[in-house]
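Single-structure report; data block below.
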Amino acid sequence: MLIINGRFITMGDGDEIQEGVALRVADRQIAEIGPQAELLEKYPQAEQLDAAGQYVMPGNICAHTHFYGAYARGMAIPGAAPRDFPEILEKLWWPLDKALDEASVRASAQVHLVDAIRHGTTTLIDHHASPNFIDGSLDVIAEEVKRAGLRAVLCYEVTDRDGQEKAQAGIRENVRFMNKADGQVAATFGLHASLTLSDATLESCRAACPEEFGFHVHLAEHESDEYDSLAKSGSRAADRLRQHGILGPRTLVAHGVHLDAAEMALLAETQTWLSHQPRSNMNNGVGVARVEEMLRLGIRVGLGNDGFSQTMWEEMKTAYLLHKVHQRDPRRMNGIDVIQMGVQNNAALAESFFPGLRLGVLSPGAGADLILVDYHPNTPLNAGNLPWHILFGFNESMVTTTIVGGELLMKNRQFLTLDVKEVHARARELAPAVWARYETFVP
């Protein structure tokens, strides 16, 4: 396939923007980028995709999400509103994950995959929980990821909150799925958080996880994670995870809102990845992660959405604005740092799960994960000001075409791999029963 008549944002060195060129896709990769006239002459039989003046750029990547949370949208929480994050867990998320069965796990994944294709998010790192449907749950999600045509990294969230039998089932599900990962769906080892994991379970997880894999775990999202760790071990949460061999260059921790300076230094020292979810942190009232300090320390910080809509430009805008108002200083959270987290760091994180696959750039040899964006700037757009066009001009509604591995998943806003009406109809059909089961688990 040749993509012609586009304006190409390569996101390479200098965020180069090229016009008058075409891009050739072959064998699921970007094969060539060169003068359009030359490539048209060289490949006269190639299928052509006319970008019609749109911007062509790499697809977005999400560093941390929860497909299973789809049924929380519009769902009423019985009784008084939760007063803090621990109550949100007890009254919303933990009863909801218990309410999920195979059909609703599948439908939850489908809903998020539709959202991702529509909004140009091509790779997602998911963190799954369904305590009453553990065995085979990752296979169900993987089937839907492959049907949609996206890329994903999957794991099951091991926790002690539902008893030892289910904790062991979660461990087995992670290990079993690790043997089934491929170039489209990768695996890591999921843990909920230090606050719901005993020393014995952490030891079991470390022993069961192959050395070539790391972990995906919530860390210091709320003060309660730190208080619990101090009570259990006399150490703060990051220190406790390191003591159990959890941190390291293959591990991703989510949030890190309440890390202290020594814990941040520990993440930098161990080369552990961290994902920042500003919309979720605002919604849960847990605070603002000190990600500017983390970046200065050399921590590899990416951006996730924690199960919010799969709109990564929206997450970037929120990160850009939140830190300014929190610090009451418009100089804070430079746009270049936001793009570093949401584009370059997210791409490097995703590549760590897909060895040999280059993502997040338009260059020969990179994966052909592309989006077409119908953006018409009213001021010049160049490499120097691209971050601020993304933050103040780009909108996910402008995504018209989504391509992963050279396969068209959406063309001119028409879905090619999923039946959107059927997905949403099926989810709505299942919702009343999910909500009814949820209410039986609310404390």
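A note on labels: chains of the structure tokens are A, B, ... as shown, every chain counts residues from 1, and ligands are counted from 1 in their shown order.
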
Write out as a short mmCIF file (atom, residue, chain, number, x, y, z; two decimals) with N, CA and C atoms, in the first residue's frame which residues come within 12 Å of A:Ile17 when counting only C-alpha atoms, dropping same-chain ones fewer than 4 positions away.
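Written output follows (out_34.cif):
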data_model
loop_
_atom_site.label_atom_id
_atom_site.label_comp_id
_atom_site.auth_asym_id
_atom_site.auth_seq_id
_atom_site.Cartn_x
_atom_site.Cartn_y
_atom_site.Cartn_z
N GLY A 6 -0.37 13.10 1.55
CA GLY A 6 -0.46 13.42 2.97
C GLY A 6 0.64 14.37 3.40
N ARG A 7 0.47 14.88 4.60
CA ARG A 7 1.52 15.64 5.27
C ARG A 7 1.96 14.77 6.45
N PHE A 8 3.23 14.38 6.45
CA PHE A 8 3.69 13.32 7.35
C PHE A 8 4.41 13.89 8.57
N ILE A 9 3.87 13.58 9.74
CA ILE A 9 4.51 13.94 11.01
C ILE A 9 5.24 12.69 11.49
N THR A 10 6.55 12.67 11.35
CA THR A 10 7.29 11.43 11.57
C THR A 10 7.53 11.12 13.05
N MET A 11 7.48 12.15 13.92
CA MET A 11 7.80 12.01 15.35
C MET A 11 9.19 11.44 15.57
N GLY A 12 10.04 11.59 14.59
CA GLY A 12 11.42 11.16 14.73
C GLY A 12 12.25 12.29 15.32
N ASP A 13 13.53 12.27 15.08
CA ASP A 13 14.40 13.33 15.59
C ASP A 13 13.93 14.68 15.05
N VAL A 21 5.92 13.73 -0.10
CA VAL A 21 6.45 12.37 -0.06
C VAL A 21 5.27 11.39 0.02
N TYR A 55 -2.99 15.01 7.84
CA TYR A 55 -1.73 14.65 8.49
C TYR A 55 -1.70 13.14 8.72
N VAL A 56 -0.55 12.55 8.44
CA VAL A 56 -0.31 11.13 8.68
C VAL A 56 0.75 11.03 9.76
N MET A 57 0.45 10.30 10.83
CA MET A 57 1.37 10.26 11.97
C MET A 57 1.25 8.91 12.68
N VAL A 361 6.98 6.08 15.59
CA VAL A 361 7.67 6.90 14.59
C VAL A 361 7.27 6.45 13.19
N LEU A 362 7.41 7.35 12.25
CA LEU A 362 7.28 6.99 10.84
C LEU A 362 8.70 6.93 10.28
N PRO A 380 1.02 28.43 11.14
CA PRO A 380 1.97 27.44 10.63
C PRO A 380 2.19 26.31 11.64
N LEU A 381 2.32 25.09 11.14
CA LEU A 381 2.65 23.93 11.97
C LEU A 381 4.01 23.44 11.52
N ASN A 382 4.96 23.39 12.46
CA ASN A 382 6.30 22.94 12.13
C ASN A 382 6.86 22.14 13.29
N ALA A 383 8.07 21.62 13.10
CA ALA A 383 8.66 20.77 14.13
C ALA A 383 8.80 21.51 15.46
N GLY A 384 9.05 22.81 15.41
CA GLY A 384 9.26 23.57 16.63
C GLY A 384 8.01 23.80 17.45
N ASN A 385 6.86 23.87 16.79
CA ASN A 385 5.64 24.17 17.56
C ASN A 385 4.64 23.02 17.58
N LEU A 386 5.04 21.85 17.09
CA LEU A 386 4.13 20.71 17.04
C LEU A 386 3.51 20.38 18.40
#

- request: Find the spatial neighbours of A:Leu195, counting only C-alpha atoms, within a cut-off of 12 Å - ignore same-chain residues fewer than 3 positions away - and output them as a PyMOL selection string.
  value: chain A and resi 86+89+158-161+191-192+198-199+201-202+217-233+236-238+240-241

- [ ] Using DSSP on the backbone, list every residue of stretch 194-437 of chain A that comes out as strand (DSSP E), and give them as a PyMOL selection string.
- [x] chain A and resi 215-219+252-255+273-276+300-303+370-373+399-404+407-411+414-415

Shell around stretch 346-352 of chain A at 8 Å using only C-alpha atoms, local window under 3 positions removed, as an mmCIF file with C-alpha atoms, in the first residue's frame:
data_model
loop_
_atom_site.group_PDB
_atom_site.id
_atom_site.type_symbol
_atom_site.label_atom_id
_atom_site.label_comp_id
_atom_site.auth_asym_id
_atom_site.auth_seq_id
_atom_site.Cartn_x
_atom_site.Cartn_y
_atom_site.Cartn_z
ATOM 1 C CA ILE A 61 -0.139 4.467 22.742
ATOM 2 C CA CYS A 62 -1.730 4.042 26.181
ATOM 3 C CA ALA A 63 0.598 3.045 29.004
ATOM 4 C CA THR A 123 -1.391 0.026 21.335
ATOM 5 C CA ILE A 125 -1.334 -1.813 28.050
ATOM 6 C CA ARG A 250 10.713 -4.736 32.699
ATOM 7 C CA TRP A 273 8.730 2.482 34.268
ATOM 8 C CA GLY A 302 4.661 7.514 30.326
ATOM 9 C CA LEU A 303 0.984 8.429 30.085
ATOM 10 C CA MET A 341 5.862 11.213 28.150
ATOM 11 C CA GLY A 342 2.888 10.597 25.876
ATOM 12 C CA VAL A 343 4.744 9.904 22.624
ATOM 13 C CA PRO A 355 11.161 -6.900 21.103
ATOM 14 C CA GLY A 356 12.379 -5.937 17.660
ATOM 15 C CA LEU A 357 9.318 -3.840 16.885
ATOM 16 C CA ARG A 358 9.776 -0.083 16.574
ATOM 17 C CA LEU A 359 6.727 2.023 17.386
ATOM 18 C CA GLY A 360 5.767 5.686 17.668
#

>> I'd like to know which residues of stretch 179-387 of chain A are helix (DSSP H, G or I) (by DSSP, run on the backbone); could you write them as a PyMOL selection string?
In response: chain A and resi 194-196+199-208+223-233+237-243+261-270+278-284+291-297+312-327+335-353+386-387

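Nearest to A:Asp182 of all the residues A:Tyr438, A:Phe354, A:Phe415, A:Phe394 is A:Phe354, counting only C-alpha atoms.
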
- Using only C-alpha atoms: which of A:Ala107, A:Met316, A:Leu252, A:Val399 has the shortest distance to A:Glu429: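 Ranked by minimum distance to A:Glu429, first place goes to A:Ala107.
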
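In this structure, atom CA of A:Val114 sits 26.8 Å away from atom CA of A:Asn179.
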
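Rounded to one decimal, atom CA of A:Arg428 and atom CA of A:Met398 lie 26.7 Å from each other.
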
Spatial neighbours of A:Gln184, 7 Å, only C-alpha atoms, chain gap at least 2 places, as a compact mmCIF listing (two decimals) with N, CA and C atoms, in the first residue's frame:
# COMPACT_ATOMS: atom_id res chain seq x y z
N ARG A 151 -2.93 -3.62 18.90
CA ARG A 151 -1.89 -4.27 19.71
C ARG A 151 -2.24 -4.04 21.18
N ALA A 152 -1.89 -5.02 22.02
CA ALA A 152 -2.14 -4.86 23.46
C ALA A 152 -1.15 -5.69 24.26
N ASP A 182 2.32 -13.09 21.42
CA ASP A 182 2.90 -13.06 20.08
C ASP A 182 3.17 -11.62 19.68
N ALA A 186 1.04 -9.04 23.67
CA ALA A 186 2.15 -9.39 24.55
C ALA A 186 1.62 -9.57 25.97

Practice prompt. Could you tell me which of A:Gln48, A:Thr251, A:Thr122, A:Gln277 comes closest to A:Leu409 if we count only C-alpha atoms?
Written response: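 For A:Leu409, the nearest of the candidates is A:Thr122.
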
Closest atom pairs, residues of stretch 177-285 of chain A within 10 Å of stretch 136-146 of chain A, only C-alpha atoms, as CSV:
residue,atom,partner,partner_atom,distance
A:Phe177,CA,A:Leu138,CA,6.9
A:Met178,CA,A:Leu138,CA,10.0
A:Lys180,CA,A:Asp139,CA,8.8
A:Ala181,CA,A:Ala142,CA,9.0
A:Gln184,CA,A:Lys146,CA,7.3
A:Val185,CA,A:Ala142,CA,6.6
A:Ala186,CA,A:Ala142,CA,9.1
A:Ala187,CA,A:Leu138,CA,9.4

* To do: Would you list the contacts of A:Met1 as number ranges by chain, taking every protein, DNA or RNA residue within 8 Å and counting only C-alpha atoms, but skipping same-chain residues closer than 5 positions in sequence?
  => A: 24-26, 46-49

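For the set A:Ile88, A:Ala52, A:Leu197, A:Ile77, the residue with the smallest atom-to-atom gap to A:Gly285 is A:Ile88, counting only C-alpha atoms.
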
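In this comparison, which uses only C-alpha atoms, the residue of A:His216, A:Arg206, A:His326, A:His255 approaching A:Gln243 most closely is A:Arg206.
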
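Residues within 12 Å of A:Pro432, counting only C-alpha atoms and excluding same-chain residues fewer than 6 positions away, are Tyr71, Ala72, Gly74, Met75, Ala76, Ala99, Leu100, Ser104, Arg426, Tyr438 and Glu439 of chain A.
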
Output the selection as a PDB file, in the first residue's frame - C-alpha atoms for each residue.
ATOM      1  CA  TYR A  71     -19.537  -0.996  32.874  1.00  0.00           C
ATOM      2  CA  ALA A  72     -18.844   1.755  35.415  1.00  0.00           C
ATOM      3  CA  GLY A  74     -23.391   5.751  34.146  1.00  0.00           C
ATOM      4  CA  MET A  75     -23.615   3.187  36.967  1.00  0.00           C
ATOM      5  CA  ALA A  76     -25.063   4.406  40.265  1.00  0.00           C
ATOM      6  CA  ALA A  99     -19.755  -8.857  38.849  1.00  0.00           C
ATOM      7  CA  LEU A 100     -17.955  -9.667  35.594  1.00  0.00           C
ATOM      8  CA  SER A 104     -19.153  -9.064  30.173  1.00  0.00           C
ATOM      9  CA  ARG A 426     -24.390  -6.296  23.134  1.00  0.00           C
ATOM     10  CA  TYR A 438     -22.590  -5.494  41.302  1.00  0.00           C
ATOM     11  CA  GLU A 439     -25.185  -4.392  43.848  1.00  0.00           C
TER      12      GLU A 439
END

**Selection: 6 Å around A:Thr402, only C-alpha atoms, excl. self and same-chain fewer than 5 positions, as a list in words** =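 Those residues are Gly120, Ile371, Leu409 and Met410 of chain A.
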